[in-house]
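File shown here: entry18.cif, holding mmCIF, C-alpha atoms.
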data_protein
#
loop_
_atom_site.label_atom_id
_atom_site.label_comp_id
_atom_site.auth_asym_id
_atom_site.auth_seq_id
_atom_site.Cartn_x
_atom_site.Cartn_y
_atom_site.Cartn_z
CA MET A 62 24.84 -46.04 52.27
CA TYR A 63 28.57 -45.76 52.48
CA CYS A 64 30.49 -47.93 50.09
CA ALA A 65 33.99 -48.86 51.22
CA ASP A 66 35.58 -47.21 48.19
CA CYS A 67 34.46 -43.80 49.58
CA GLU A 68 32.78 -42.92 46.31
CA SER A 69 29.00 -43.47 46.45
CA VAL A 70 25.85 -43.69 48.58
CA ASP A 71 23.76 -46.74 47.83
CA ASP A 72 20.37 -47.62 49.26
CA TYR A 73 20.19 -51.24 50.37
CA PHE A 74 16.50 -51.08 51.26
CA PHE A 75 13.79 -50.51 48.65
CA GLU A 76 10.23 -49.19 48.82
CA GLN A 77 7.94 -52.21 48.46
CA VAL A 78 10.18 -55.22 48.76
CA THR A 79 13.89 -55.98 49.04
CA PHE A 80 15.58 -59.10 47.70
CA PHE A 81 18.46 -60.25 49.92
CA TRP A 82 21.24 -62.26 48.27
CA VAL A 83 23.16 -63.95 51.04
CA PHE A 84 26.52 -65.70 50.62
CA VAL A 85 27.28 -67.89 53.63
CA PRO A 86 30.69 -69.17 54.78
CA THR A 87 29.52 -72.69 55.74
CA THR A 88 26.73 -75.15 55.01
CA GLU A 89 25.82 -74.98 58.70
CA THR A 90 25.10 -71.25 58.36
CA PHE A 91 23.13 -72.00 55.20
CA GLY A 92 21.00 -74.48 57.14
CA LYS A 93 20.28 -71.96 59.90
CA LEU A 94 19.16 -69.35 57.39
CA ALA A 95 17.02 -71.79 55.40
CA LYS A 96 15.28 -72.95 58.59
CA PHE A 97 14.73 -69.34 59.67
CA TYR A 98 13.28 -68.33 56.30
CA GLY A 99 10.93 -71.28 56.41
CA SER A 100 9.72 -70.56 59.95
CA GLN A 101 8.95 -66.97 58.98
CA HIS A 102 7.31 -67.96 55.67
CA PHE A 103 9.65 -65.79 53.61
CA GLU A 104 9.94 -66.56 49.90
CA ALA A 105 13.44 -67.99 49.61
CA LYS A 106 15.43 -69.87 46.99
CA GLN A 107 18.68 -71.80 47.06
CA GLU A 108 20.93 -70.22 44.43
CA SER A 109 23.95 -72.44 45.14
CA THR A 110 25.44 -74.46 48.00
CA HIS A 111 26.59 -71.20 49.61
CA CYS A 112 24.03 -68.68 48.36
CA ILE A 113 20.39 -68.23 49.30
CA SER A 114 18.06 -65.44 48.19
CA ALA A 115 14.96 -64.18 49.99
CA LYS A 116 12.15 -61.73 49.27
CA ILE A 117 11.57 -59.49 52.30
CA PRO A 118 8.63 -57.03 52.37
CA SER A 119 9.62 -53.55 53.52
CA ALA A 120 7.28 -53.72 56.52
CA THR A 121 9.19 -56.70 57.94
CA ILE A 122 12.80 -55.65 57.24
CA GLU A 123 13.36 -54.34 60.76
CA SER A 124 12.13 -57.53 62.46
CA PHE A 125 14.00 -59.62 59.86
CA LEU A 126 17.34 -57.94 60.60
CA THR A 127 16.72 -57.92 64.36
CA SER A 128 15.90 -61.65 64.34
CA LEU A 129 19.14 -62.46 62.54
CA ASN A 130 21.04 -61.53 65.70
CA GLY A 131 19.35 -64.50 67.36
CA VAL A 132 19.67 -66.87 64.42
CA LEU A 133 23.37 -66.44 63.60
CA GLU A 134 26.38 -66.12 65.88
CA GLN A 135 28.36 -62.89 65.76
CA ALA A 136 31.20 -64.60 63.88
CA GLU A 137 28.67 -65.86 61.31
CA LEU A 138 27.17 -62.38 60.88
CA ALA A 139 30.66 -60.98 60.30
CA GLY A 140 31.53 -63.78 57.83
CA THR A 141 28.28 -63.79 55.85
CA LYS A 142 28.23 -61.52 52.80
CA VAL A 143 25.07 -59.89 51.50
CA THR A 144 23.83 -57.54 48.82
CA THR A 145 20.31 -56.48 47.85
CA THR A 146 18.24 -55.74 44.77
CA ALA A 147 14.79 -54.29 44.10
CA THR A 148 13.80 -57.22 41.86
CA MET A 149 14.32 -60.98 41.75
CA GLN A 150 16.87 -60.64 38.97
CA GLN A 151 20.33 -61.80 40.01
CA PRO A 152 22.67 -59.05 41.27
CA ASP A 153 24.26 -56.95 38.53
CA ILE A 154 27.65 -55.26 38.70
CA GLU A 155 26.32 -52.37 40.81
CA ALA A 156 24.72 -54.70 43.35
CA THR A 157 27.86 -56.82 43.45
CA ALA A 158 29.91 -53.72 44.22
CA ARG A 159 27.67 -53.13 47.25
CA ILE A 160 28.36 -56.49 48.87
CA THR A 161 28.93 -56.08 52.58
CA THR A 162 28.67 -58.27 55.69
CA PHE A 163 25.44 -58.95 57.53
CA ASP A 164 26.65 -57.29 60.73
CA VAL A 165 27.47 -54.07 58.85
CA LEU A 166 24.13 -54.15 57.02
CA ILE A 167 22.23 -54.54 60.29
CA ASN A 168 24.06 -51.55 61.72
CA ARG A 169 23.38 -49.57 58.55
CA TYR A 170 19.69 -50.14 59.05
CA LYS A 171 20.01 -48.89 62.63
CA ALA A 172 21.86 -45.87 61.25
CA LYS A 173 19.05 -44.69 58.96
CA TRP A 174 18.48 -41.68 61.22
CA LEU A 175 22.18 -40.86 60.96
CA ILE A 176 22.06 -40.91 57.17
CA ASN A 177 18.95 -38.71 57.21
CA SER A 178 20.68 -36.27 59.54
CA ILE A 179 23.72 -36.07 57.28
CA GLU A 180 21.64 -35.58 54.15
CA GLN A 181 19.33 -33.01 55.79
CA GLU A 182 22.24 -31.27 57.55
CA ARG A 183 20.82 -31.66 61.04
CA TYR A 184 24.13 -30.93 62.69
CA GLU A 185 26.15 -28.02 64.04
CA THR A 186 29.41 -27.27 65.83
CA TRP A 187 29.71 -25.81 69.30
CA PHE A 188 32.95 -24.19 70.42
CA GLN A 189 34.88 -24.07 73.67
CA PRO A 190 37.67 -21.53 74.18
CA ILE A 191 41.28 -22.43 74.95
CA VAL A 192 43.09 -19.61 76.75
CA HIS A 193 46.67 -18.54 77.37
CA ALA A 194 47.63 -19.75 80.84
CA PRO A 195 49.49 -16.58 81.99
CA THR A 196 46.36 -14.46 81.39
CA ALA A 197 43.81 -16.92 82.74
CA GLN A 198 43.38 -15.49 86.24
CA GLN A 199 42.98 -11.88 85.13
CA THR A 200 41.43 -11.29 81.70
CA PRO A 201 41.77 -14.56 79.80
CA VAL A 202 43.15 -14.16 76.27
CA ILE A 203 41.70 -16.72 73.86
CA TYR A 204 44.29 -18.68 71.93
CA SER A 205 41.96 -20.99 70.01
CA HIS A 206 38.61 -22.78 70.01
CA GLU A 207 37.90 -26.49 69.99
CA GLY A 208 35.06 -27.45 67.65
CA LEU A 209 32.67 -29.95 69.22
CA PHE A 210 30.36 -31.69 66.77
CA ARG A 211 26.64 -32.02 67.56
CA ILE A 212 24.20 -34.03 65.44
CA ARG A 213 20.43 -34.32 65.87
CA ASP A 214 18.17 -37.32 65.28
CA ASP A 215 14.79 -37.46 63.54
CA ASN A 216 13.17 -35.90 66.63
CA ASN A 217 15.67 -33.02 66.61
CA ALA A 218 17.28 -34.27 69.83
CA ILE A 219 21.07 -34.02 70.13
CA VAL A 220 22.67 -37.46 70.05
CA PRO A 221 25.83 -37.92 72.17
CA PRO A 222 28.76 -37.60 69.74
CA GLN A 223 30.38 -40.80 71.04
CA LEU A 224 27.22 -42.75 70.18
CA ALA A 225 26.92 -41.19 66.72
CA PHE A 226 30.55 -41.93 65.82
CA MET A 227 30.36 -45.47 67.25
CA LEU A 228 27.30 -46.18 65.10
CA ALA A 229 29.01 -44.61 62.10
CA GLU A 230 32.02 -46.88 62.58
CA GLN A 231 29.86 -49.99 62.91
CA SER A 232 27.92 -49.14 59.74
CA ASP A 233 30.84 -48.00 57.55
CA LEU A 234 29.74 -44.36 57.69
CA LEU A 235 32.75 -43.09 59.60
CA PHE A 236 34.45 -41.53 56.57
CA SER A 237 31.38 -39.46 55.79
CA LEU A 238 30.57 -38.43 59.35
CA ASP A 239 34.17 -37.35 59.93
CA LEU A 240 34.07 -35.14 56.81
CA VAL A 241 30.68 -33.76 57.85
CA ALA A 242 32.08 -32.84 61.26
CA ARG A 243 35.09 -31.19 59.63
CA ARG A 244 32.86 -29.24 57.26
CA SER A 245 30.58 -28.14 60.10
CA ALA A 246 33.53 -26.97 62.19
CA VAL A 247 35.08 -24.73 59.54
CA GLN A 248 31.69 -23.39 58.39
CA HIS A 249 30.47 -22.44 61.88
CA PHE A 250 33.92 -21.12 62.83
CA ALA A 251 33.88 -18.78 59.83
CA ALA A 252 30.22 -17.77 60.26
CA ALA A 253 30.79 -16.84 63.91
CA LYS A 254 33.94 -14.89 62.91
CA LEU A 255 35.95 -16.55 65.67
CA LYS A 256 39.62 -15.72 66.01
CA GLY A 257 42.68 -17.85 66.65
CA LYS A 258 43.25 -21.48 65.76
CA LEU A 259 40.55 -24.09 65.27
CA PHE A 260 40.97 -27.48 66.95
CA ILE A 261 39.06 -30.29 65.22
CA ASN A 262 38.71 -33.81 66.62
CA PHE A 263 40.26 -36.22 64.18
CA ASP A 264 39.61 -39.95 63.78
CA PRO A 265 42.51 -41.40 61.78
CA SER A 266 40.62 -44.65 61.18
CA SER A 267 38.17 -42.70 59.01
CA ILE A 268 40.85 -41.80 56.46
CA TYR A 269 41.09 -44.14 53.49
CA ASP A 270 42.79 -41.76 51.07
CA PRO A 271 44.58 -38.86 52.83
CA SER A 272 45.19 -37.00 49.57
CA TYR A 273 41.48 -37.05 48.72
CA CYS A 274 40.49 -35.80 52.18
CA LEU A 275 43.29 -33.26 52.16
CA ARG A 276 42.23 -31.74 48.85
CA SER A 277 38.64 -31.19 50.01
CA THR A 278 39.72 -29.84 53.40
CA ALA A 279 42.42 -27.55 52.05
CA ALA A 280 40.16 -26.19 49.30
CA SER A 281 37.53 -25.15 51.84
CA ILE A 282 40.05 -23.62 54.21
CA TYR A 283 41.73 -21.50 51.55
CA GLU A 284 38.35 -20.31 50.26
CA LEU A 285 37.47 -19.12 53.76
CA GLY A 286 40.67 -17.12 54.03
CA LEU A 287 42.12 -19.47 56.62
CA LYS A 288 45.51 -21.12 56.46
CA PRO A 289 46.38 -24.76 57.20
CA ALA A 290 48.42 -23.47 60.15
CA ASP A 291 45.14 -22.21 61.64
CA ILE A 292 43.83 -25.79 61.85
CA VAL A 293 44.88 -28.31 64.50
CA PHE A 294 43.65 -31.89 64.22
CA GLU A 295 43.21 -33.64 67.57
CA VAL A 296 44.00 -37.35 67.59
CA THR A 297 42.26 -38.93 70.57
CA GLU A 298 44.51 -41.33 72.43
CA THR A 299 41.62 -43.70 73.11
CA ASN A 300 41.12 -44.18 69.36
CA LYS A 301 43.40 -47.14 68.79
CA ALA A 302 45.06 -47.16 65.43
CA SER A 303 45.46 -50.72 64.20
CA ASP A 304 48.45 -49.66 62.14
CA LEU A 305 50.57 -46.93 63.70
CA ASN A 306 52.67 -46.65 60.56
CA HIS A 307 49.48 -45.86 58.64
CA LEU A 308 48.59 -43.24 61.27
CA LYS A 309 52.06 -41.70 61.07
CA GLY A 310 51.77 -41.60 57.29
CA ILE A 311 48.44 -39.76 57.44
CA LEU A 312 49.76 -37.24 59.96
CA ALA A 313 52.92 -36.68 57.92
CA PHE A 314 50.78 -36.07 54.84
CA TYR A 315 48.74 -33.41 56.67
CA ARG A 316 51.74 -31.81 58.33
CA ASN A 317 53.49 -31.46 55.00
CA ALA A 318 50.45 -29.46 53.89
CA GLY A 319 50.86 -27.11 56.88
CA PHE A 320 48.30 -28.49 59.36
CA GLN A 321 49.20 -29.09 63.00
CA VAL A 322 48.44 -32.09 65.22
CA ALA A 323 47.34 -32.40 68.83
CA MET A 324 47.24 -35.57 70.91
CA ASP A 325 44.11 -35.63 73.07
CA ASP A 326 43.67 -37.10 76.57
CA ILE A 327 47.33 -37.73 77.31
CA GLY A 328 47.54 -39.65 80.57
CA SER A 329 44.48 -41.79 79.90
CA GLY A 330 43.84 -44.75 77.66
CA TRP A 331 46.57 -46.95 76.26
CA SER A 332 50.34 -46.62 75.95
CA GLY A 333 50.24 -42.83 76.22
CA LEU A 334 53.96 -42.10 76.26
CA ASN A 335 54.67 -44.67 73.57
CA LEU A 336 52.05 -43.10 71.29
CA LEU A 337 53.42 -39.65 72.16
CA GLN A 338 56.88 -40.51 70.91
CA ARG A 339 55.47 -42.18 67.80
CA ILE A 340 53.20 -39.27 66.83
CA ARG A 341 55.38 -36.41 68.16
CA PRO A 342 52.50 -33.90 68.10
CA ASP A 343 52.60 -30.12 68.15
CA TYR A 344 50.24 -30.06 71.16
CA VAL A 345 49.34 -32.46 73.97
CA LYS A 346 46.11 -32.17 75.93
CA ILE A 347 46.37 -33.37 79.52
CA ASP A 348 43.37 -35.50 80.42
CA MET A 349 40.74 -33.91 82.65
CA GLU A 350 40.88 -36.82 85.10
CA LEU A 351 44.44 -35.83 85.92
CA VAL A 352 43.44 -32.16 86.18
CA ARG A 353 40.50 -32.72 88.54
CA ASP A 354 41.54 -31.67 92.08
CA ILE A 355 45.19 -31.54 91.07
CA HIS A 356 45.84 -28.74 93.57
CA VAL A 357 45.28 -31.21 96.48
CA ASP A 358 46.50 -34.46 94.93
CA ARG A 359 50.27 -34.99 95.14
CA PHE A 360 50.19 -38.12 93.01
CA LYS A 361 48.49 -36.31 90.12
CA GLN A 362 50.86 -33.38 90.56
CA ASN A 363 53.89 -35.64 90.07
CA ILE A 364 52.42 -37.20 86.93
CA VAL A 365 51.38 -33.90 85.35
CA SER A 366 54.70 -32.23 86.23
CA SER A 367 56.51 -35.05 84.42
CA LEU A 368 54.23 -34.73 81.38
CA ILE A 369 54.82 -30.97 81.23
CA ASN A 370 58.59 -31.45 81.44
CA ILE A 371 58.57 -34.11 78.70
CA ALA A 372 56.51 -31.87 76.45
CA LYS A 373 58.61 -28.76 77.00
CA THR A 374 61.85 -30.67 76.45
CA ASN A 375 60.50 -31.77 73.08
CA GLY A 376 59.04 -28.42 72.01
CA ILE A 377 55.41 -29.51 72.46
CA THR A 378 52.75 -27.04 73.63
CA THR A 379 50.73 -28.28 76.62
CA ILE A 380 46.98 -27.82 77.12
CA ALA A 381 45.25 -28.77 80.37
CA GLU A 382 41.55 -29.51 79.83
CA GLY A 383 38.56 -29.93 82.11
CA ILE A 384 39.44 -27.08 84.50
CA GLU A 385 36.49 -26.19 86.71
CA VAL A 386 37.89 -24.32 89.71
CA THR A 387 40.36 -21.49 90.18
CA ALA A 388 42.70 -23.55 92.37
CA GLU A 389 43.21 -26.12 89.61
CA ALA A 390 44.04 -23.35 87.14
CA GLN A 391 46.47 -21.68 89.55
CA TRP A 392 48.45 -24.87 90.17
CA LEU A 393 48.72 -25.47 86.43
CA ILE A 394 49.79 -21.88 85.80
CA ASP A 395 52.43 -22.12 88.54
CA ASN A 396 53.73 -25.30 86.92
CA LYS A 397 54.10 -23.76 83.46
CA VAL A 398 51.23 -25.29 81.47
CA ASP A 399 50.91 -23.26 78.27
CA LEU A 400 47.15 -23.28 77.65
CA LEU A 401 43.99 -23.94 79.66
CA GLN A 402 40.55 -25.23 78.72
CA GLY A 403 37.46 -25.94 80.81
CA TYR A 404 34.15 -24.72 82.19
CA LEU A 405 36.01 -22.15 84.29
CA PHE A 406 36.76 -20.24 81.07
CA GLY A 407 33.69 -21.13 79.05
CA LYS A 408 31.33 -24.01 78.38
CA PRO A 409 30.85 -25.38 74.85
CA ALA A 410 28.34 -23.15 73.08
CA LEU A 411 26.77 -22.59 69.69
CA TYR A 412 28.03 -19.16 68.65
CA GLN A 413 25.69 -16.82 66.84
CA GLN A 414 26.19 -16.10 63.17
CA GLN A 415 28.10 -12.83 62.73
CA VAL A 416 27.91 -12.53 58.96
CA SER A 417 25.24 -11.46 56.51
CA GLN A 418 23.11 -13.98 54.63
CA GLN A 419 25.11 -13.36 51.49
CA GLN A 420 28.35 -13.89 53.37
CA LEU A 421 26.92 -17.09 54.83
CA LYS A 422 26.10 -18.31 51.32
CA ASN A 423 29.68 -17.57 50.32
CA ILE A 424 30.93 -19.56 53.33
CA GLN A 425 28.68 -22.47 52.43
CA ALA A 426 29.97 -22.36 48.88
CA SER A 427 33.53 -22.40 50.23
CA VAL A 428 32.95 -25.62 52.18
CA ALA A 429 31.23 -27.25 49.20
CA PRO A 430 34.27 -29.50 48.51
CA LEU A 431 33.81 -31.06 51.94
CA LYS A 432 30.07 -31.47 51.37
CA VAL A 433 30.65 -33.17 48.04
CA ALA A 434 33.25 -35.48 49.57
CA ALA A 435 31.02 -36.35 52.54
CA ASN A 436 28.02 -37.09 50.34
CA ARG A 437 30.02 -39.64 48.38
CA LEU A 438 29.00 -42.19 50.98
#

What does the file become when written as structure tokens?
Amino acid sequence: MYCADCESVDDYFFEQVTFFWVFVPTTETFGKLAKFYGSQHFEAKQESTHCISAKIPSATIESFLTSLNGVLEQAELAGTKVTTTATMQQPDIEATARITTFDVLINRYKAKWLINSIEQERYETWFQPIVHAPTAQQTPVIYSHEGLFRIRDDNNAIVPPQLAFMLAEQSDLLFSLDLVARRSAVQHFAAAKLKGKLFINFDPSSIYDPSYCLRSTAASIYELGLKPADIVFEVTETNKASDLNHLKGILAFYRNAGFQVAMDDIGSGWSGLNLLQRIRPDYVKIDMELVRDIHVDRFKQNIVSSLINIAKTNGITTIAEGIEVTAEAQWLIDNKVDLLQGYLFGKPALYQQQVSQQQLKNIQASVAPLKVAANRL
């Protein structure tokens, strides 16, 4: 599992039996756990006034973790620390380094399929074209492609990306999944021999060490013959950054290396214009809810016209997304949007490999730095 120092994958659950070493915040929580262990006939031992250990057979781990949601309050789950061992010996340095909270551990157990999918590379990237607005109504000229991550579960079914990333965040796997998505995007982009820029969705909360992530990303890009200027990281507006100064620092770090930044879903979510002036992106993507039926909605027209004017005044390229009908596209073209994206110009699709097997191996070798970084869960 992912350790918060971004450096190793550790398995909290062992083959035959797992010993749970639980450090509780209060004696009341201790009492709840002791009563629960007794009612379930688990072998448990009081290690101290705030520590209790328990031997949990592998076959009952799922019911054990599920039951904890009913035994402890959410605040207790978040405040109770836990680590595990394969034997009854007290935790050593390695086990101590893996201490996490009970709520994170429960989510990590739920995320076992996600870990399997990462390790077995059951994921891919689909692409949707972004076209130059002036050409859109005749023969659209592709400006770039947005990479859309797709991951499959143990049954090979595609899991909605929002669900996968939410589970990754809850189980401290976000750093790894974000790097996996980045690796998948550049690998599939190169293998399909797509032209133009590559837009990659970017979750700033997944970045612990921007220099570490930058080195692995830049190494892969250069190996593929791409340039940092070919890569645009999309920061979704709905992804709240708890520390905007931290976000600005990350973006400055990447920009100094030559990457560009897009702000996604402008016009939706929280404090859009405030975030716009704080981030000052190279691109803004106008939310599809504002684009839908814009040709017949005067209120939306006034909002989007203002957003376009603000962007142009500040040298920001505008992208309208979610376009489905010609009339929407025409209004946006008439009102000087720079780029267009939506089903009208192409649905997200998995592009066929356009390189030989040897070339594919070379591409995979080129993105190895990202694979190595992602596997340091």

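If you look at CA of Ala318 (chain A) and CA of Ala279 (chain A), they are 8.5 Å away from each other.
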
Using CA of Glu108 (chain A) and CA of Asp164 (chain A) as the two end points, give the distance in Å to one decimal.
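According to the coordinates, CA of Glu108 (chain A) and CA of Asp164 (chain A) are separated by 21.6 Å.
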
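Of the residues under consideration (A:Ile380, A:Val132, A:Ala290, A:Ala252), A:Ala290 shows the shortest atom-to-atom contact distance to Gln321 (chain A) when counting only C-alpha atoms.
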
Could you write out as a ChimeraX atom specification the residues that the PyMOL selection byres ((chain A and resi 185-202) around 9) matches in the shown file?
/A:182-184,203-213,242,245-250,380,382,387,390-391,393-394,397-404,406-412

For the contact check between region 105-171 of chain A and region 69-91 of chain A, emit one row per residue of region 105-171 of chain A within 8 Å, containing the shortest atom pair and the distance in Å rounded to one decimal, counting all atoms listed in the file, chain then rising number order, as a tab-separated table.
residue	atom	partner	partner_atom	distance
A:Thr110	CA	A:Thr88	CA	7.2
A:His111	CA	A:Val85	CA	5.3
A:Cys112	CA	A:Phe84	CA	4.5
A:Ile113	CA	A:Val83	CA	5.4
A:Ser114	CA	A:Trp82	CA	4.5
A:Ala115	CA	A:Phe81	CA	5.3
A:Lys116	CA	A:Phe80	CA	4.6
A:Ile117	CA	A:Thr79	CA	5.3
A:Pro118	CA	A:Val78	CA	4.3
A:Ser119	CA	A:Val78	CA	5.1
A:Leu133	CA	A:Thr90	CA	7.3
A:Glu137	CA	A:Thr90	CA	7.1
A:Gly140	CA	A:Pro86	CA	6.2
A:Thr141	CA	A:Val85	CA	4.8
A:Lys142	CA	A:Phe84	CA	5.0
A:Val143	CA	A:Val83	CA	4.5
A:Thr144	CA	A:Trp82	CA	5.4
A:Thr145	CA	A:Phe81	CA	4.7
A:Thr146	CA	A:Phe80	CA	5.2
A:Ala147	CA	A:Thr79	CA	5.3
A:Thr148	CA	A:Phe80	CA	6.4
A:Met149	CA	A:Phe80	CA	6.4
A:Pro152	CA	A:Trp82	CA	7.8
A:Arg159	CA	A:Asp71	CA	7.5

I'd like the interatomic distance between CA of Leu235 (chain A) and CA of Phe314 (chain A), to a tenth of an Å.
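If I compute the distance from CA of Leu235 (chain A) to CA of Phe314 (chain A), I get 19.9 Å.
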
Using all atoms listed in the file for the distances, tell me which of A:Trp174, A:Trp392, A:Phe294, A:Tyr315 is nearest to Asp354 (chain A).
A:Trp392

Given 3 Å on each side, where is the centre and what are the edge lengths in Å to one decimal of the axis-aligned box enclosing the listed atoms of region 382-396 of chain A, as AutoDock Vina command-line options?
--center_x 45.1 --center_y -25.7 --center_z 86.1 --size_x 23.2 --size_y 14.4 --size_z 18.5

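Shell of Ala95 (chain A) at 9 Å, with all atoms listed in the file counted and residues fewer than 6 places along the chain excluded, is Ala105, Lys106, Gln107 and Ile113 of chain A.
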
Contacts of region 224-232 of chain A at 8 Å (only C-alpha atoms; same-chain gap of 2+ positions) as a ChimeraX atom specification:
/A:165-169,172,175,212,220-222,234-235,238

Since we have the selection now, will you write its residues out, keeping C-alpha atoms, as a CSV table (one decimal), in the coordinates of the input?
chain,number,residue,atom,x,y,z
A,165,VAL,CA,27.5,-54.1,58.8
A,166,LEU,CA,24.1,-54.2,57.0
A,167,ILE,CA,22.2,-54.5,60.3
A,168,ASN,CA,24.1,-51.6,61.7
A,169,ARG,CA,23.4,-49.6,58.6
A,172,ALA,CA,21.9,-45.9,61.2
A,175,LEU,CA,22.2,-40.9,61.0
A,212,ILE,CA,24.2,-34.0,65.4
A,220,VAL,CA,22.7,-37.5,70.0
A,221,PRO,CA,25.8,-37.9,72.2
A,222,PRO,CA,28.8,-37.6,69.7
A,234,LEU,CA,29.7,-44.4,57.7
A,235,LEU,CA,32.8,-43.1,59.6
A,238,LEU,CA,30.6,-38.4,59.4

Would you write out, as a short mmCIF file (atom, residue, chain, number, x, y, z; two decimals) with C-alpha atoms, in the frame of the given file, every residue that the PyMOL selection byres ((chain A and resi 366) around 12) captures in this file?
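Result written to expr38.cif:
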data_model
loop_
_atom_site.label_atom_id
_atom_site.label_comp_id
_atom_site.auth_asym_id
_atom_site.auth_seq_id
_atom_site.Cartn_x
_atom_site.Cartn_y
_atom_site.Cartn_z
CA GLY A 328 47.54 -39.65 80.57
CA ILE A 347 46.37 -33.37 79.52
CA LEU A 351 44.44 -35.83 85.92
CA VAL A 352 43.44 -32.16 86.18
CA ILE A 355 45.19 -31.54 91.07
CA ARG A 359 50.27 -34.99 95.14
CA PHE A 360 50.19 -38.12 93.01
CA LYS A 361 48.49 -36.31 90.12
CA GLN A 362 50.86 -33.38 90.56
CA ASN A 363 53.89 -35.64 90.07
CA ILE A 364 52.42 -37.20 86.93
CA VAL A 365 51.38 -33.90 85.35
CA SER A 367 56.51 -35.05 84.42
CA LEU A 368 54.23 -34.73 81.38
CA ILE A 369 54.82 -30.97 81.23
CA ASN A 370 58.59 -31.45 81.44
CA ILE A 371 58.57 -34.11 78.70
CA ALA A 372 56.51 -31.87 76.45
CA LYS A 373 58.61 -28.76 77.00
CA THR A 379 50.73 -28.28 76.62
CA ALA A 381 45.25 -28.77 80.37
CA TRP A 392 48.45 -24.87 90.17
CA LEU A 393 48.72 -25.47 86.43
CA ILE A 394 49.79 -21.88 85.80
CA ASP A 395 52.43 -22.12 88.54
CA ASN A 396 53.73 -25.30 86.92
CA LYS A 397 54.10 -23.76 83.46
CA VAL A 398 51.23 -25.29 81.47
#

Evaluated on this file, the PyMOL selection byres ((chain A and resi 258) around 6) picks out some residues - which ones are they, written as a PyMOL selection string?
chain A and resi 205+257+259+291-292

May I ask which of the residues A:Arg243, A:Ile179, A:Ile261, A:Arg339 is the closest one to Asp214 (chain A), counting all atoms listed in the file?
A:Ile179

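Each of A:Leu336, A:Ala253, A:Ile311, A:Val357 was compared to Gln413 (chain A) using all atoms listed in the file, and A:Ala253 turns out to be the nearest.
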
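Taking all atoms listed in the file into account, Val296 (chain A) lies nearest to A:Asp325 out of the set A:Phe320, A:Gln150, A:Asp325, A:Leu312.
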